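In what follows, a structure is listed as structure tokens, so that the remarks can point back to it.
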Amino acid sequence: MYYDAKECGKRIKEQIKVMGYTQEAFAGSVNISAQHLRNILGGHRNCPHELLVETACVLDISTDYLLTGKREGAN
């Protein structure tokens, strides 16, 4: 198992939709620019760990899932 910035970005993007945020609204809620968020979602930038934790909290999902795609309790 390894970290893939593009896959992490896809998981964040999916959860943003599930939670009903626009990308602009979500970017504002975690104090980053919409452009920075688009770079993360596209896998062009890594998500700093502080931002990853805040993202997981706002989106009500685990950091494990965002990083690896593995859901809690899954083997």
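In the structure tokens, each chain is lettered A, B, ... as it comes, each chain's residues begin at 1, and ligands are numbered from 1 in order of appearance.
Look at A:Leu59: the protein and nucleic acid residues within 12 Å of it, using only C-alpha atoms and passing over chain neighbours fewer than 2 places away, are Arg11, Ile12, Lys13, Glu14, Gln15, Ile16, Lys17, Val18, Met19, Gly20, Tyr21, Phe26, Ala27, Ser29, Val30, Leu51, Leu52, Val53, Glu54, Thr55, Ala56, Cys57, Ile61, Ser62, Thr63, Tyr65 and Leu66 of chain A.
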Could you save those same residues with N, CA, C and O atoms as a short mmCIF file (atom, residue, chain, number, x, y, z; two decimals), in the first residue's frame?
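So the final result, stored in result_35.cif, reads:
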data_model
loop_
_atom_site.label_atom_id
_atom_site.label_comp_id
_atom_site.auth_asym_id
_atom_site.auth_seq_id
_atom_site.Cartn_x
_atom_site.Cartn_y
_atom_site.Cartn_z
N ARG A 11 -10.55 10.98 -3.81
CA ARG A 11 -11.38 10.65 -2.65
C ARG A 11 -11.89 11.91 -1.96
O ARG A 11 -13.05 11.98 -1.53
N ILE A 12 -11.04 12.93 -1.87
CA ILE A 12 -11.48 14.20 -1.28
C ILE A 12 -12.58 14.81 -2.14
O ILE A 12 -13.62 15.24 -1.62
N LYS A 13 -12.39 14.81 -3.45
CA LYS A 13 -13.38 15.38 -4.37
C LYS A 13 -14.72 14.67 -4.24
O LYS A 13 -15.77 15.32 -4.18
N GLU A 14 -14.70 13.35 -4.17
CA GLU A 14 -15.93 12.58 -4.02
C GLU A 14 -16.65 12.94 -2.73
O GLU A 14 -17.87 13.11 -2.72
N GLN A 15 -15.89 13.05 -1.64
CA GLN A 15 -16.51 13.33 -0.35
C GLN A 15 -17.04 14.76 -0.28
O GLN A 15 -18.06 15.01 0.36
N ILE A 16 -16.39 15.69 -0.95
CA ILE A 16 -16.89 17.07 -1.04
C ILE A 16 -18.29 17.04 -1.65
O ILE A 16 -19.20 17.69 -1.16
N LYS A 17 -18.45 16.27 -2.73
CA LYS A 17 -19.77 16.14 -3.39
C LYS A 17 -20.79 15.51 -2.45
O LYS A 17 -21.92 15.97 -2.34
N VAL A 18 -20.39 14.41 -1.80
CA VAL A 18 -21.29 13.69 -0.90
C VAL A 18 -21.81 14.62 0.20
O VAL A 18 -22.99 14.57 0.56
N MET A 19 -20.94 15.48 0.71
CA MET A 19 -21.31 16.38 1.80
C MET A 19 -22.06 17.61 1.31
O MET A 19 -22.53 18.41 2.10
N GLY A 20 -22.17 17.78 -0.01
CA GLY A 20 -22.95 18.87 -0.57
C GLY A 20 -22.24 20.21 -0.66
O GLY A 20 -22.88 21.24 -0.82
N TYR A 21 -20.92 20.20 -0.59
CA TYR A 21 -20.14 21.44 -0.73
C TYR A 21 -19.86 21.72 -2.20
O TYR A 21 -19.72 20.78 -2.99
N PHE A 26 -15.98 24.63 0.11
CA PHE A 26 -15.12 23.77 0.91
C PHE A 26 -13.75 24.40 1.11
O PHE A 26 -13.21 24.38 2.22
N ALA A 27 -13.19 24.97 0.06
CA ALA A 27 -11.89 25.64 0.18
C ALA A 27 -11.94 26.71 1.26
O ALA A 27 -11.03 26.82 2.09
N SER A 29 -13.92 26.78 3.82
CA SER A 29 -14.10 26.17 5.15
C SER A 29 -12.80 25.63 5.73
O SER A 29 -12.67 25.47 6.94
N VAL A 30 -11.82 25.34 4.87
CA VAL A 30 -10.52 24.88 5.36
C VAL A 30 -9.42 25.93 5.14
O VAL A 30 -8.23 25.63 5.27
N LEU A 51 -3.59 20.03 6.79
CA LEU A 51 -4.78 20.22 5.94
C LEU A 51 -5.53 18.90 5.76
O LEU A 51 -6.76 18.88 5.74
N LEU A 52 -4.81 17.80 5.67
CA LEU A 52 -5.45 16.51 5.54
C LEU A 52 -6.32 16.20 6.77
O LEU A 52 -7.45 15.74 6.64
N VAL A 53 -5.78 16.48 7.95
CA VAL A 53 -6.54 16.25 9.19
C VAL A 53 -7.77 17.14 9.23
O VAL A 53 -8.88 16.69 9.53
N GLU A 54 -7.60 18.42 8.89
CA GLU A 54 -8.74 19.34 8.89
C GLU A 54 -9.78 18.92 7.85
O GLU A 54 -10.99 18.95 8.10
N THR A 55 -9.32 18.49 6.68
CA THR A 55 -10.21 18.02 5.62
C THR A 55 -11.03 16.82 6.11
O THR A 55 -12.24 16.77 5.92
N ALA A 56 -10.36 15.88 6.74
CA ALA A 56 -11.05 14.69 7.25
C ALA A 56 -12.11 15.07 8.28
O ALA A 56 -13.21 14.54 8.27
N CYS A 57 -11.78 16.02 9.16
CA CYS A 57 -12.74 16.46 10.18
C CYS A 57 -13.96 17.13 9.54
O CYS A 57 -15.10 16.80 9.87
N ILE A 61 -14.76 12.02 7.69
CA ILE A 61 -14.21 10.78 7.13
C ILE A 61 -12.82 10.59 7.72
O ILE A 61 -12.20 11.54 8.17
N SER A 62 -12.32 9.38 7.71
CA SER A 62 -11.02 9.12 8.33
C SER A 62 -9.87 9.55 7.42
O SER A 62 -9.98 9.53 6.18
N THR A 63 -8.76 9.91 8.05
CA THR A 63 -7.55 10.22 7.28
C THR A 63 -7.05 8.96 6.58
O THR A 63 -6.51 9.04 5.48
N TYR A 65 -8.80 6.64 5.19
CA TYR A 65 -9.51 6.51 3.91
C TYR A 65 -8.98 7.50 2.89
O TYR A 65 -8.76 7.14 1.73
N LEU A 66 -8.78 8.74 3.30
CA LEU A 66 -8.27 9.73 2.34
C LEU A 66 -6.91 9.35 1.81
O LEU A 66 -6.63 9.50 0.63
#
Write out as a PDB file with C-alpha atoms, in the first residue's frame the residues lying within 12 Å of A:Lys6, counting only C-alpha atoms and excluding same-chain residues fewer than 5 positions away.
ATOM      1  CA  ARG A  11     -11.375  10.652  -2.648  1.00  0.00           C
ATOM      2  CA  ILE A  12     -11.476  14.203  -1.281  1.00  0.00           C
ATOM      3  CA  LYS A  13     -13.380  15.383  -4.367  1.00  0.00           C
ATOM      4  CA  ARG A  38      -8.085  22.230  -7.381  1.00  0.00           C
ATOM      5  CA  ASN A  39      -4.345  21.410  -7.407  1.00  0.00           C
ATOM      6  CA  ILE A  40      -4.833  18.938  -4.544  1.00  0.00           C
ATOM      7  CA  LEU A  41      -7.935  17.384  -6.112  1.00  0.00           C
ATOM      8  CA  GLY A  42      -6.101  16.923  -9.402  1.00  0.00           C
ATOM      9  CA  GLY A  43      -3.111  15.289  -7.706  1.00  0.00           C
ATOM     10  CA  HIS A  44      -0.775  18.112  -8.734  1.00  0.00           C
ATOM     11  CA  ARG A  45       0.020  18.995  -5.107  1.00  0.00           C
ATOM     12  CA  ASN A  46       0.267  16.859  -2.012  1.00  0.00           C
ATOM     13  CA  CYS A  47      -2.143  17.670   0.774  1.00  0.00           C
ATOM     14  CA  LEU A  66      -8.273   9.731   2.344  1.00  0.00           C
ATOM     15  CA  LEU A  67      -4.681   8.483   2.266  1.00  0.00           C
ATOM     16  CA  THR A  68      -5.134   4.841   1.347  1.00  0.00           C
ATOM     17  CA  GLY A  69      -8.744   4.288   0.325  1.00  0.00           C
TER      18      GLY A  69
END
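From atom CA of A:Leu37 back to atom CA of A:Tyr2, the distance works out to 21.7 Å.
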### Task
Identify, with DSSP run on backbone atoms, the residues in chain A assigned to helix (DSSP H, G or I), and express the list as an MDAnalysis selection string.
chainID A and resid 5:18 23:29 34:41 49:59 63:68
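For the set A:Glu50, A:Asp4, A:Gly9, A:Val58, the residue with the smallest atom-to-atom gap to A:Ala25 is A:Val58, counting only C-alpha atoms.
A straight line drawn from atom CA of A:Lys70 to atom CA of A:Lys10 is 13.7 Å long.
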